[in-house]
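Dumped final-v3.cif below, it's mmCIF, C-alpha atoms:
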```cif
data_model
#
loop_
_atom_site.label_atom_id
_atom_site.label_comp_id
_atom_site.auth_asym_id
_atom_site.auth_seq_id
_atom_site.Cartn_x
_atom_site.Cartn_y
_atom_site.Cartn_z
CA MET M 21 6.54 -8.61 18.84
CA THR M 22 4.61 -11.82 19.33
CA ALA M 23 2.33 -10.60 22.11
CA PRO M 24 -1.37 -11.07 21.34
CA VAL M 25 -3.66 -8.16 20.62
CA THR M 26 -5.47 -8.12 23.94
CA SER M 27 -7.14 -4.71 23.65
CA PRO M 28 -10.81 -5.27 22.70
CA ARG M 29 -10.84 -2.06 20.68
CA ALA M 30 -7.69 -3.03 18.77
CA ALA M 31 -8.96 -6.57 18.18
CA SER M 32 -12.29 -5.26 16.90
CA ARG M 33 -10.55 -2.82 14.57
CA LEU M 34 -8.31 -5.59 13.24
CA ARG M 35 -11.26 -7.91 12.53
CA SER M 36 -13.10 -5.11 10.75
CA LEU M 37 -10.01 -4.24 8.73
CA ILE M 38 -9.41 -7.81 7.56
CA THR M 39 -13.07 -8.29 6.60
CA SER M 40 -13.14 -5.03 4.64
CA VAL M 41 -9.91 -5.81 2.75
CA ARG M 42 -11.11 -9.25 1.76
CA GLY M 43 -14.34 -7.87 0.38
CA SER M 44 -13.09 -4.65 -1.17
CA TRP M 45 -12.19 -5.92 -4.65
CA ARG M 46 -15.10 -8.36 -4.60
CA ARG M 47 -17.46 -5.46 -5.11
CA ARG M 48 -18.62 -6.06 -8.64
CA PRO M 49 -19.14 -2.44 -9.78
CA ALA M 50 -15.61 -1.43 -8.78
CA ARG M 51 -14.07 -4.56 -10.26
CA TRP M 52 -15.99 -4.28 -13.52
CA ALA M 53 -15.29 -0.57 -13.93
CA PHE M 54 -11.60 -1.08 -13.27
CA GLY M 55 -11.33 -4.02 -15.67
CA ALA M 56 -13.35 -2.36 -18.42
CA LEU M 57 -11.32 0.84 -18.34
CA CYS M 58 -8.02 -1.05 -18.30
CA LEU M 59 -9.19 -3.10 -21.28
CA LEU M 60 -10.26 0.06 -23.10
CA GLY M 61 -6.85 1.65 -22.56
CA LEU M 62 -5.07 -1.48 -23.77
CA LEU M 63 -7.20 -1.62 -26.92
CA LEU M 64 -6.43 2.02 -27.66
CA LEU M 65 -2.72 1.33 -27.34
CA LEU M 66 -2.96 -1.72 -29.59
CA HIS M 67 -4.89 0.28 -32.16
CA ASP M 68 -2.11 2.86 -32.37
CA PHE M 69 0.96 0.64 -32.14
CA ALA M 70 -0.03 -2.77 -33.53
CA PRO M 71 1.27 -1.88 -37.03
CA VAL M 72 4.70 -0.98 -35.61
CA VAL M 73 4.81 -4.22 -33.62
CA ARG M 74 3.93 -6.27 -36.72
CA VAL M 75 6.70 -4.69 -38.79
CA PHE M 76 9.36 -4.58 -36.05
CA PRO M 77 8.54 -7.50 -33.71
CA GLY M 78 12.11 -7.93 -32.43
CA SER M 79 12.52 -4.30 -31.45
CA ALA M 80 9.04 -4.22 -29.92
CA LEU M 81 9.90 -7.29 -27.85
CA LEU M 82 13.13 -5.68 -26.66
CA ALA M 83 11.18 -2.57 -25.61
CA LEU M 84 8.69 -4.80 -23.78
CA VAL M 85 11.50 -6.56 -21.90
CA LEU M 86 12.94 -3.19 -20.88
CA LEU M 87 9.44 -2.10 -19.79
CA ALA M 88 9.14 -5.20 -17.59
CA LEU M 89 12.60 -4.55 -16.16
CA THR M 90 11.67 -0.97 -15.30
CA VAL M 91 8.46 -2.01 -13.56
CA SER M 92 10.16 -4.85 -11.67
CA VAL M 93 12.93 -2.66 -10.31
CA GLY M 94 10.56 0.23 -9.57
CA THR M 95 8.03 -1.86 -7.66
CA ALA M 96 10.80 -3.57 -5.69
CA VAL M 97 12.35 -0.25 -4.64
CA LEU M 98 9.02 1.36 -3.75
CA GLY M 99 7.98 -1.70 -1.77
CA ARG M 100 11.27 -1.68 0.10
CA VAL M 101 11.17 1.98 1.15
CA ARG M 102 7.51 1.90 2.24
CA PRO M 103 7.49 2.18 6.04
CA PHE M 104 6.59 -0.77 8.26
CA ARG M 105 6.21 -3.37 5.48
CA PRO M 106 5.78 -3.79 1.69
CA PRO M 107 2.31 -3.05 0.26
CA PRO M 108 -0.16 -5.85 -0.52
CA PRO M 109 0.84 -7.10 -4.00
CA GLY M 110 -2.65 -6.91 -5.49
CA TRP M 111 -3.07 -3.32 -4.30
CA ALA M 112 0.27 -2.19 -5.72
CA TRP M 113 -0.07 -4.01 -9.03
CA SER M 114 -3.58 -2.64 -9.52
CA GLY M 115 -1.99 0.81 -9.61
CA VAL M 116 0.69 -0.33 -12.06
CA LEU M 117 -1.94 -1.94 -14.29
CA TRP M 118 -4.12 1.16 -14.35
CA GLY M 119 -1.22 3.42 -15.20
CA ALA M 120 0.08 1.14 -17.96
CA THR M 121 -3.29 0.53 -19.64
CA ALA M 122 -6.25 2.75 -18.80
CA ALA M 123 -4.33 5.96 -18.15
CA ALA M 124 -1.73 5.47 -20.89
CA GLY M 125 -4.23 4.40 -23.55
CA CYS M 126 -6.75 7.15 -22.84
CA ALA M 127 -3.94 9.73 -22.67
CA VAL M 128 -3.01 8.98 -26.29
CA VAL M 129 -6.48 10.03 -27.43
CA ALA M 130 -6.91 12.91 -24.97
CA ASN M 131 -3.49 14.40 -25.73
CA THR M 132 -4.08 14.31 -29.47
CA GLY M 133 -7.36 16.18 -29.07
CA LEU M 134 -6.06 18.85 -26.73
CA GLN M 135 -2.90 19.37 -28.77
CA GLY M 136 -5.13 20.02 -31.77
CA ILE M 137 -6.99 22.71 -29.81
CA TRP M 138 -3.72 24.50 -29.03
CA TYR M 139 -2.66 24.36 -32.69
CA LYS M 140 -5.96 25.77 -33.90
CA SER M 141 -6.44 28.41 -31.23
CA ALA M 142 -2.90 29.69 -30.72
CA GLY M 143 -1.09 28.73 -33.91
CA ILE M 144 1.30 26.02 -34.97
CA ALA M 145 4.39 27.72 -33.54
CA PHE M 146 2.85 28.11 -30.07
CA GLY M 147 1.35 24.62 -30.14
CA SER M 148 4.67 23.05 -31.13
CA ARG M 149 6.53 24.87 -28.36
CA TRP M 150 4.05 24.86 -25.47
CA GLY M 151 1.51 22.19 -26.43
CA ALA M 152 3.08 19.36 -24.43
CA ALA M 153 3.49 21.50 -21.30
CA LEU M 154 -0.14 22.63 -21.45
CA THR M 155 -1.60 19.25 -22.38
CA ALA M 156 0.11 16.52 -20.37
CA PRO M 157 -0.28 18.08 -16.89
CA LEU M 158 -4.04 18.24 -17.40
CA ASN M 159 -4.82 15.04 -19.24
CA GLU M 160 -2.24 12.65 -17.90
CA GLU M 161 -2.30 13.71 -14.27
CA LEU M 162 -6.09 13.55 -14.12
CA LEU M 163 -6.24 10.18 -15.89
CA LYS M 164 -3.67 8.68 -13.52
CA LEU M 165 -5.43 10.23 -10.56
CA CYS M 166 -8.75 8.65 -11.61
CA GLY M 167 -7.16 5.25 -11.17
CA VAL M 168 -5.74 6.17 -7.77
CA VAL M 169 -9.21 7.29 -6.66
CA LEU M 170 -10.92 4.18 -8.02
CA ILE M 171 -8.47 1.78 -6.37
CA ALA M 172 -8.49 3.76 -3.13
CA LEU M 173 -12.28 3.64 -2.95
CA ALA M 174 -12.42 -0.06 -3.82
CA ALA M 175 -9.75 -0.95 -1.26
CA ARG M 176 -10.35 1.88 1.16
CA PRO M 177 -9.13 0.02 4.29
CA LEU M 178 -5.67 -0.05 2.70
CA VAL M 179 -5.57 3.72 2.12
CA ARG M 180 -5.39 4.85 5.71
CA GLY M 181 -3.79 8.23 5.16
CA PRO M 182 -1.52 10.43 3.00
CA LEU M 183 1.40 8.00 3.02
CA ASP M 184 -0.71 5.20 1.52
CA GLY M 185 -2.01 7.62 -1.10
CA PHE M 186 1.59 8.58 -1.88
CA PHE M 187 2.60 4.99 -2.58
CA LEU M 188 -0.54 4.10 -4.52
CA GLY M 189 0.12 7.15 -6.68
CA ALA M 190 3.77 6.16 -7.10
CA PHE M 191 2.85 2.67 -8.32
CA THR M 192 0.25 4.09 -10.71
CA GLY M 193 2.70 6.65 -12.07
CA LEU M 194 5.33 3.94 -12.47
CA GLY M 195 2.98 1.89 -14.66
CA PHE M 196 2.19 4.92 -16.80
CA GLN M 197 5.87 5.84 -17.02
CA ALA M 198 6.88 2.36 -18.18
CA MET M 199 4.18 2.20 -20.86
CA GLU M 200 4.98 5.72 -22.06
CA ASN M 201 8.62 4.67 -22.35
CA TRP M 202 7.50 1.77 -24.55
CA THR M 203 5.45 4.04 -26.82
CA TYR M 204 8.36 6.46 -27.14
CA ALA M 205 10.60 3.54 -28.10
CA MET M 206 8.11 2.56 -30.83
CA ASN M 207 8.06 6.13 -32.11
CA ALA M 208 11.86 6.23 -32.03
CA ILE M 209 11.93 3.24 -34.38
CA LEU M 210 9.70 5.07 -36.85
CA LEU M 211 11.65 8.31 -36.59
CA GLY M 212 14.83 6.38 -37.31
CA GLY M 213 13.31 4.88 -40.44
CA GLY M 214 13.35 1.39 -38.96
CA VAL M 215 17.02 1.00 -39.88
CA ARG M 216 18.42 0.57 -36.36
CA GLY M 217 15.43 -0.59 -34.42
CA SER M 218 17.17 -2.16 -31.41
CA ALA M 219 19.66 0.70 -31.14
CA ASP M 220 16.83 3.26 -31.18
CA VAL M 221 14.98 1.31 -28.48
CA SER M 222 18.10 1.14 -26.31
CA GLN M 223 18.82 4.84 -26.74
CA SER M 224 15.23 5.72 -25.83
CA PHE M 225 15.49 3.50 -22.74
CA VAL M 226 18.69 5.20 -21.59
CA THR M 227 17.22 8.67 -22.07
CA ARG M 228 13.85 8.04 -20.46
CA VAL M 229 14.85 5.65 -17.67
CA VAL M 230 18.50 6.21 -16.81
CA VAL M 231 18.57 9.99 -17.39
CA THR M 232 15.07 11.21 -16.54
CA GLY M 233 13.45 8.23 -14.79
CA LEU M 234 14.04 9.50 -11.26
CA GLY M 235 11.96 12.62 -11.88
CA SER M 236 9.24 11.28 -14.16
CA HIS M 237 5.63 10.17 -13.69
CA TRP M 238 6.03 8.18 -10.49
CA THR M 239 7.04 11.36 -8.63
CA MET M 240 4.15 13.41 -9.99
CA THR M 241 1.44 10.85 -9.29
CA ALA M 242 2.90 10.10 -5.85
CA VAL M 243 2.39 13.75 -4.92
CA ALA M 244 -1.11 13.80 -6.42
CA GLY M 245 -1.94 10.51 -4.69
CA THR M 246 -1.04 12.09 -1.37
CA GLY M 247 -4.10 14.28 -1.86
CA VAL M 248 -6.29 11.18 -2.27
CA GLY M 249 -4.81 9.81 0.95
CA ILE M 250 -5.67 13.05 2.72
CA LEU M 251 -9.27 12.91 1.52
CA LEU M 252 -9.77 9.26 2.53
CA ALA M 253 -7.66 9.27 5.70
CA HIS M 254 -9.01 7.24 8.62
CA ASP M 255 -9.18 10.18 10.97
CA ASP M 256 -11.81 12.53 12.34
CA ARG M 257 -11.00 15.69 10.42
CA PRO M 258 -14.06 17.29 8.80
CA PRO M 259 -14.19 17.19 4.99
CA ARG M 260 -13.77 20.95 4.65
CA ARG M 261 -10.32 20.69 6.21
CA ARG M 262 -9.25 18.02 3.74
CA ILE M 263 -10.19 19.61 0.44
CA ALA M 264 -7.65 22.43 0.31
CA PRO M 265 -4.53 20.31 1.05
CA ALA M 266 -5.76 17.58 -1.31
CA VAL M 267 -6.24 20.06 -4.15
CA ALA M 268 -2.86 21.60 -3.37
CA CYS M 269 -1.19 18.20 -3.82
CA VAL M 270 -2.80 17.76 -7.24
CA LEU M 271 -1.76 21.26 -8.30
CA VAL M 272 1.82 20.62 -7.18
CA ALA M 273 1.84 17.43 -9.27
CA MET M 274 0.56 19.36 -12.29
CA PHE M 275 3.26 21.98 -11.76
CA MET M 276 5.90 19.25 -11.64
CA HIS M 277 4.60 17.87 -14.93
CA TRP M 278 4.43 21.32 -16.50
CA LEU M 279 8.01 22.08 -15.51
CA PHE M 280 9.19 18.74 -16.87
CA ASP M 281 7.61 19.35 -20.31
CA ALA M 282 7.99 23.13 -20.55
CA PRO M 283 10.42 24.47 -23.18
CA LEU M 284 12.54 26.00 -20.43
CA LEU M 285 16.10 25.17 -19.38
CA ASP M 286 16.71 23.60 -22.79
CA SER M 287 20.11 22.09 -22.08
CA ALA M 288 21.57 18.98 -20.52
CA ALA M 289 22.05 20.82 -17.23
CA GLY M 290 18.50 22.13 -17.45
CA LEU M 291 17.12 18.63 -17.94
CA VAL M 292 19.06 17.39 -14.91
CA THR M 293 17.67 20.34 -12.93
CA LYS M 294 14.09 19.44 -13.87
CA VAL M 295 14.62 15.82 -12.89
CA ALA M 296 16.19 16.88 -9.60
CA VAL M 297 13.33 19.27 -8.76
CA ASN M 298 10.71 16.58 -9.25
CA PHE M 299 12.69 13.91 -7.44
CA PHE M 300 13.43 16.06 -4.40
CA LEU M 301 9.86 17.33 -4.23
CA ALA M 302 8.60 13.74 -4.10
CA LEU M 303 11.37 12.80 -1.66
CA GLY M 304 10.39 15.70 0.59
CA PHE M 305 6.76 14.56 0.63
CA PHE M 306 7.87 11.03 1.46
CA LEU M 307 10.25 11.97 4.26
CA VAL M 308 7.70 14.22 5.96
CA LEU M 309 4.91 11.65 5.68
CA ARG M 310 7.14 8.80 6.84
CA HIS M 311 8.38 10.79 9.84
CA ARG M 312 4.83 11.58 10.93
CA ALA M 313 3.67 7.98 10.51
CA ARG M 314 6.64 6.53 12.42
CA ARG M 315 6.30 9.10 15.19
CA ARG M 316 2.64 8.28 15.75
CA ALA M 317 3.21 4.54 15.50
CA ARG M 318 6.03 4.71 18.05
CA ALA M 319 3.90 6.81 20.39
CA PHE M 320 1.10 4.24 20.12
CA LEU M 321 3.43 1.30 20.77
CA LEU M 322 5.02 3.01 23.78
CA SER M 323 1.73 4.20 25.27
CA PRO M 324 0.48 2.60 28.53
CA GLY M 325 -1.80 -0.33 27.95
CA THR M 326 -0.65 -1.10 24.41
CA PRO M 327 -0.03 -4.86 24.27
CA LEU M 328 2.30 -4.70 21.25
CA SER M 329 6.08 -4.40 21.19
CA VAL M 330 7.99 -1.48 19.70
CA ASP M 331 10.00 -4.13 17.81
CA LEU M 332 7.17 -4.09 15.26
CA LEU M 333 8.23 -0.66 14.04
CA THR M 334 11.03 -1.63 11.62
CA ARG M 335 11.87 -4.58 9.42
CA GLY M 336 15.28 -4.97 11.05
CA SER M 337 13.91 -5.21 14.58
CA ARG M 338 11.31 -7.77 13.48
CA ARG M 339 14.01 -9.89 11.85
CA ARG M 340 16.15 -9.74 14.99
CA VAL M 341 13.26 -10.93 17.15
CA LEU M 342 12.45 -13.75 14.73
CA ARG M 343 16.04 -14.97 14.85
CA THR M 344 15.72 -15.43 18.61
CA LEU M 345 12.83 -17.89 18.16
CA PRO M 346 13.10 -21.59 17.32
CA PRO M 347 12.65 -22.17 13.56
CA ALA M 348 9.41 -24.07 14.11
CA ARG M 349 7.80 -21.04 15.78
CA ARG M 350 8.85 -18.45 13.21
CA PRO M 351 6.01 -18.90 10.64
CA ALA M 352 3.34 -18.42 13.34
CA ALA M 353 5.23 -15.43 14.74
CA GLU M 354 5.40 -13.85 11.28
CA GLN M 355 1.65 -14.28 10.85
CA ARG M 356 0.96 -12.64 14.21
CA ALA M 357 3.34 -9.80 13.36
CA ALA M 358 1.51 -9.21 10.07
CA ALA M 359 -1.82 -9.00 11.89
CA HIS M 360 -0.38 -6.65 14.51
CA LEU M 361 1.19 -4.45 11.80
CA ALA M 362 -2.28 -3.78 10.39
CA VAL M 363 -3.18 -2.23 13.75
CA VAL M 364 0.11 -0.30 13.89
CA GLU M 365 -0.42 1.14 10.39
CA GLU M 366 -3.93 2.19 11.33
CA GLN M 367 -2.70 3.88 14.52
CA ALA M 368 0.02 5.66 12.55
CA VAL M 369 -2.84 7.77 11.16
CA LEU M 370 -5.26 7.79 14.08
CA TRP M 371 -3.06 8.05 17.15
CA ARG M 372 -3.19 11.20 19.23
CA PRO M 373 -1.17 11.13 22.48
#
```
Rewritten as structure tokens:
Amino acid sequence: MTAPVTSPRAASRLRSLITSVRGSWRRRPARWAFGALCLLGLLLLLHDFAPVVRVFPGSALLALVLLALTVSVGTAVLGRVRPFRPPPPGWAWSGVLWGATAAAGCAVVANTGLQGIWYKSAGIAFGSRWGAALTAPLNEELLKLCGVVLIALAARPLVRGPLDGFFLGAFTGLGFQAMENWTYAMNAILLGGGVRGSADVSQSFVTRVVVTGLGSHWTMTAVAGTGVGILLAHDDRPPRRRIAPAVACVLVAMFMHWLFDAPLLDSAAGLVTKVAVNFFLALGFFLVLRHRARRRARAFLLSPGTPLSVDLLTRGSRRRVLRTLPPARRPAAEQRAAAHLAVVEEQAVLWRP
């Protein structure tokens, strides 16, 4: 685990990777565009919900605390299941921020406009029944995906392949999901006449987090983000071979969203079925991508001439090696392991036996 990176090619790749990561978010156009769009989304949300917050500050604060709890637990779980090591915090939280502000705020405006088109073109009855299923998969998935693309381009060295796109999408969808839960809680207060504000917020939280949270936006955007990872993968496939699978991932995500909002399976069992379909679709993507990444990383570590230890592959094996070292040497060993893991993650995409 603590062996130095002696391969000139690996050392050169590592230096290039570190330099690119440090400079990625320093690019002013990307940083300004990201910040401006997040601010715009936040202002749109404030414009719509500031009156509710002023009248019901206690209930709004409770909903905000539950939002923070959802994001904290979600980011911790996603960071824990990501292979090799947790994602860089700034990278992951950029996705959460985009989903919770830019995507969520712009979706409020876009959904209202497209819903109006369905009402006018197909009638009120059709719009009421099918409007959400025909609106959200288009507007919301594309708005979330725009953030995934922007972050992936700004921090391209960190999006090495489909698995990184999956997790960036999951973090972005999680941010959107948490903010949407907050807006639904605010609407629940109004629908309840403001009589039982905290109870309405708690009921909305249970429905949208405990009951349906496992199959909500994080699953959809994770699948769509896989397509971004395919397009920007650090491999030698020609672009024409990337487009079809990337588009397929986005279409699958839109189908997941359509199924979730469609007026089908209108029962408690049907709702559980929809949640299960989305969750297991996302889980299937994750398991396949993780297996491929681990297989390639292991092949690289076991190949002749590789100066790194196979103990780098899992968190448990790295902890066991660290425990064998004197305490004074452990911080330096952890730093070397982090540098070596950057090479391992890169080879998990590039390696061909």
Q: Apply the PyMOL selection byres ((chain M and resi 138) around 9) to the displayed file and report the matching residues as a ChimeraX atom specification.
A: /M:134-137,139-144,146-148,150-151,154-155
Q: Write out as a list of chain:residue names which residues come within 6 Å of range 185-199 of chain M when counting all atoms listed in the file, dropping same-chain ones fewer than 6 positions away.
A: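 Here the qualifying residues turn out to be M:Leu87, M:Gly115, M:Val116, M:Gly119, M:Ala120, M:Ala124, M:His237, M:Trp238, M:Thr241, M:Ala242, M:Gly245, M:Thr246, M:Val248, M:Gly249.
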Please dump the current selection as a PDB file, in the coordinates of the input; keep C-alpha atoms.
```pdb
ATOM      1  CA  LEU M  87       9.440  -2.100 -19.790  1.00  0.00           C
ATOM      2  CA  GLY M 115      -1.990   0.810  -9.610  1.00  0.00           C
ATOM      3  CA  VAL M 116       0.690  -0.330 -12.060  1.00  0.00           C
ATOM      4  CA  GLY M 119      -1.220   3.420 -15.200  1.00  0.00           C
ATOM      5  CA  ALA M 120       0.080   1.140 -17.960  1.00  0.00           C
ATOM      6  CA  ALA M 124      -1.730   5.470 -20.890  1.00  0.00           C
ATOM      7  CA  HIS M 237       5.630  10.170 -13.690  1.00  0.00           C
ATOM      8  CA  TRP M 238       6.030   8.180 -10.490  1.00  0.00           C
ATOM      9  CA  THR M 241       1.440  10.850  -9.290  1.00  0.00           C
ATOM     10  CA  ALA M 242       2.900  10.100  -5.850  1.00  0.00           C
ATOM     11  CA  GLY M 245      -1.940  10.510  -4.690  1.00  0.00           C
ATOM     12  CA  THR M 246      -1.040  12.090  -1.370  1.00  0.00           C
ATOM     13  CA  VAL M 248      -6.290  11.180  -2.270  1.00  0.00           C
ATOM     14  CA  GLY M 249      -4.810   9.810   0.950  1.00  0.00           C
TER      15      GLY M 249
END
```
Q: Identify which of the residues M:Leu210, M:Ala112, M:Leu370, M:Leu342 lies closest to Gly167 in chain M, counting only C-alpha atoms when measuring atom-to-atom distances.
A: M:Ala112
Q.
Measuring between only C-alpha atoms, which one of M:Met206, M:Ala357, M:Leu251, M:Met240 shows the shortest distance to Ala302 in chain M?
A.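 Comparing M:Met206, M:Ala357, M:Leu251, M:Met240 against Ala302 in chain M, the winner is M:Met240.
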Q. Mind pulling up the distance from CA of Arg74 in chain M to CA of Ala208 in chain M?
A.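 Computing the Euclidean distance for CA of Ala208 in chain M and CA of Arg74 in chain M yields 15.5 Å.
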Q: Name every residue that the PyMOL selection byres ((chain M and resi 217-222) around 7) selects in this structure, writing the answer as number ranges by chain with chains first and numbers rising.
A: M: 79, 83, 205, 208-209, 214-216, 223-226
Q: Using the chain letters and residue numbers of this document, give as a list of chain:residue names the residues selected by the PyMOL selection byres ((chain M and resi 305-322) around 6).
A: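 On this input, the PyMOL selection byres ((chain M and resi 305-322) around 6) captures M:Leu183, M:Ala302, M:Leu303, M:Gly304, M:Ser323, M:Thr326, M:Val330, M:Val364, M:Ala368, M:Trp371.
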**Q.** CA of Leu81 in chain M to CA of Val231 in chain M, straight-line distance in Å
**A.** 22.0 Å
(Q) Restricting the calculation to only C-alpha atoms: of M:Cys166, M:Cys269, M:Arg105, M:Val128, which residue gets closest to Leu333 in chain M? (A)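 Among M:Cys166, M:Cys269, M:Arg105, M:Val128, it is M:Arg105 that comes nearest to Leu333 in chain M.
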Q) With all atoms listed in the file as the atoms that count, which of M:Val243, M:Val72, M:Ala127, M:Leu165 lies nearest to Pro182 in chain M? A)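 Counting all atoms listed in the file, the residue closest to Pro182 in chain M is M:Val243.
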Q: Pick out the residues sitting within 12 Å of Leu60 in chain M, and hand them over as a list in words; count only C-alpha atoms, and ignore anything fewer than 3 positions along from it in its own chain.
A: Trp52, Ala53, Phe54, Gly55, Ala56, Leu57, Leu63, Leu64, Leu65, Leu66, His67, Trp118, Ala120, Thr121, Ala122, Ala123, Ala124, Gly125, Cys126, Ala127, Val128 and Val129 of chain M
(Q) What's the separation between CA of Leu82 in chain M and CA of Pro108 in chain M, in Å to one decimal place? (A) 29.3 Å
Q) Taking only C-alpha atoms into account, which of M:Asn159, M:Thr227, M:Gln367, M:Asn201 comes nearest Asp255 in chain M? A)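 Once distances to Asp255 in chain M are computed over only C-alpha atoms, the minimum belongs to M:Gln367.
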Residue contacts of Gly181 in chain M (8 Å, only C-alpha atoms) excluding same-chain residues fewer than 2 positions away, as a short mmCIF file (atom, residue, chain, number, x, y, z; two decimals) with C-alpha atoms, in the frame of the given file:
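What landed in out.cif:
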```
data_model
loop_
_atom_site.label_atom_id
_atom_site.label_comp_id
_atom_site.auth_asym_id
_atom_site.auth_seq_id
_atom_site.Cartn_x
_atom_site.Cartn_y
_atom_site.Cartn_z
CA VAL M 179 -5.57 3.72 2.12
CA LEU M 183 1.40 8.00 3.02
CA ASP M 184 -0.71 5.20 1.52
CA GLY M 185 -2.01 7.62 -1.10
CA GLY M 249 -4.81 9.81 0.95
CA ILE M 250 -5.67 13.05 2.72
CA LEU M 252 -9.77 9.26 2.53
CA ALA M 253 -7.66 9.27 5.70
CA HIS M 254 -9.01 7.24 8.62
CA VAL M 369 -2.84 7.77 11.16
#
```
